Amino acid sequence: MNFVIYGEDKLLMEQRLKTLKKKYHIQEDDMNIVTYWCQDTPLSSIIEDALTPPFLSEYKMIVVKNPVFLTTQKQKIASDEDIQKFMDYLKLDNPTTVLVIYHDQRNFDERKKVVKMLRKEAQFYEINPLNYYKVSDTARQAVKKRNCTIDDDALELLLSRKGTNLMDIASEVEKL
């Protein structure tokens, strides 16, 4: 299973990553979650780890941060051979490894063959910054989901006190 989480809202990106961890029963203190920084670790080592079976668990998660080899930035870390191994891995799609490309920018180089393959072989989550209306709608839906109601003035007051921080708003709604 291959996923790409990218965008500019790090809080929402972390929430999406947390959701994936929960879905695949990956615990933070588990031996089956590894985070790699592309500038520090050769791509071949990351792929080798992705091919290794999980330890006493159904799944393992590999989070790859700062994937410069997928961007418009110049990089010297990933060789053409390593990039080919990565593309071969994407085709394989190891069913016991949850590979997450985590990139806090939007500068993928869509002209690169590896990016085109990633678009085809992975599920992309583009995380856009929240605006006031999106937060308002999300808060209203959360209240409704709990079979409650909130009038416009009360919602306005809640949002004015919490801003557009969805985590704070969600915790306030939980108290209802």
# chains A, B, ... in the order shown; residues from 1 in each chain; ligands from 1

$ residues_around --residues "region 78-83 of chain A" --least-positions-apart "5" --cutoff "12 Å" --atoms "only C-alpha atoms" --output "number ranges by chain"
A: 38-48, 67-71, 88-90, 112-115, 117-118

$ residues_around --residues "Leu92 (chain A)" --least-positions-apart "6" --cutoff "12 Å" --atoms "only C-alpha atoms" --output "MDAnalysis selection string"
chainID A and resid 1:2 47 50:51 85:86 99 121:122

$ write_last_selection --atoms "N, CA and C atoms" --output "PDB file, in the first residue's frame"
ATOM      1  N   MET A   1       0.830  -1.161   0.000  1.00  0.00           N
ATOM      2  CA  MET A   1       0.000   0.000   0.000  1.00  0.00           C
ATOM      3  C   MET A   1       0.882   1.234   0.000  1.00  0.00           C
ATOM      4  N   ASN A   2       0.671   2.069  -0.966  1.00  0.00           N
ATOM      5  CA  ASN A   2       1.496   3.261  -1.123  1.00  0.00           C
ATOM      6  C   ASN A   2       0.620   4.504  -1.013  1.00  0.00           C
ATOM      7  N   ILE A  47      14.071   1.147   0.450  1.00  0.00           N
ATOM      8  CA  ILE A  47      13.378   0.099  -0.306  1.00  0.00           C
ATOM      9  C   ILE A  47      13.666  -1.274   0.295  1.00  0.00           C
ATOM     10  N   ALA A  50      11.498  -1.623   3.184  1.00  0.00           N
ATOM     11  CA  ALA A  50      10.101  -1.796   2.762  1.00  0.00           C
ATOM     12  C   ALA A  50       9.816  -3.232   2.318  1.00  0.00           C
ATOM     13  N   LEU A  51      10.821  -3.911   1.808  1.00  0.00           N
ATOM     14  CA  LEU A  51      10.657  -5.294   1.369  1.00  0.00           C
ATOM     15  C   LEU A  51      10.746  -6.298   2.513  1.00  0.00           C
ATOM     16  N   LYS A  85      14.924   1.264  -8.664  1.00  0.00           N
ATOM     17  CA  LYS A  85      14.521   0.306  -7.621  1.00  0.00           C
ATOM     18  C   LYS A  85      13.229   0.768  -6.943  1.00  0.00           C
ATOM     19  N   PHE A  86      13.125   2.071  -6.711  1.00  0.00           N
ATOM     20  CA  PHE A  86      11.922   2.633  -6.107  1.00  0.00           C
ATOM     21  C   PHE A  86      10.714   2.400  -7.029  1.00  0.00           C
ATOM     22  N   LEU A  99       3.722   2.172   2.780  1.00  0.00           N
ATOM     23  CA  LEU A  99       4.740   3.158   2.431  1.00  0.00           C
ATOM     24  C   LEU A  99       4.069   4.515   2.288  1.00  0.00           C
ATOM     25  N   GLU A 121       0.471   4.582  -8.975  1.00  0.00           N
ATOM     26  CA  GLU A 121       0.563   3.455  -8.051  1.00  0.00           C
ATOM     27  C   GLU A 121       0.273   3.791  -6.588  1.00  0.00           C
ATOM     28  N   ALA A 122       0.045   5.054  -6.269  1.00  0.00           N
ATOM     29  CA  ALA A 122      -0.167   5.437  -4.867  1.00  0.00           C
ATOM     30  C   ALA A 122      -1.444   6.254  -4.733  1.00  0.00           C
TER      31      ALA A 122
END

$ atom_distance --atom1 "CA of Asp104 (chain A)" --atom2 "CA of Asp9 (chain A)"
7.5 Å

$ residues_around --residues "region 53-62 of chain A" --least-positions-apart "6" --cutoff "10 Å" --atoms "only C-alpha atoms" --output "list in words"
Met1, Asn2, Leu20, Lys21, Tyr24, His25, Ile26, Gln27, Asp30, Met31, Asn32, Ile33, Val34, Thr35, Tyr36, Ile46, Ile47, Asn94, Pro95, Thr96, Thr97, Val98, Leu99, Val100 and Ile101 of chain A
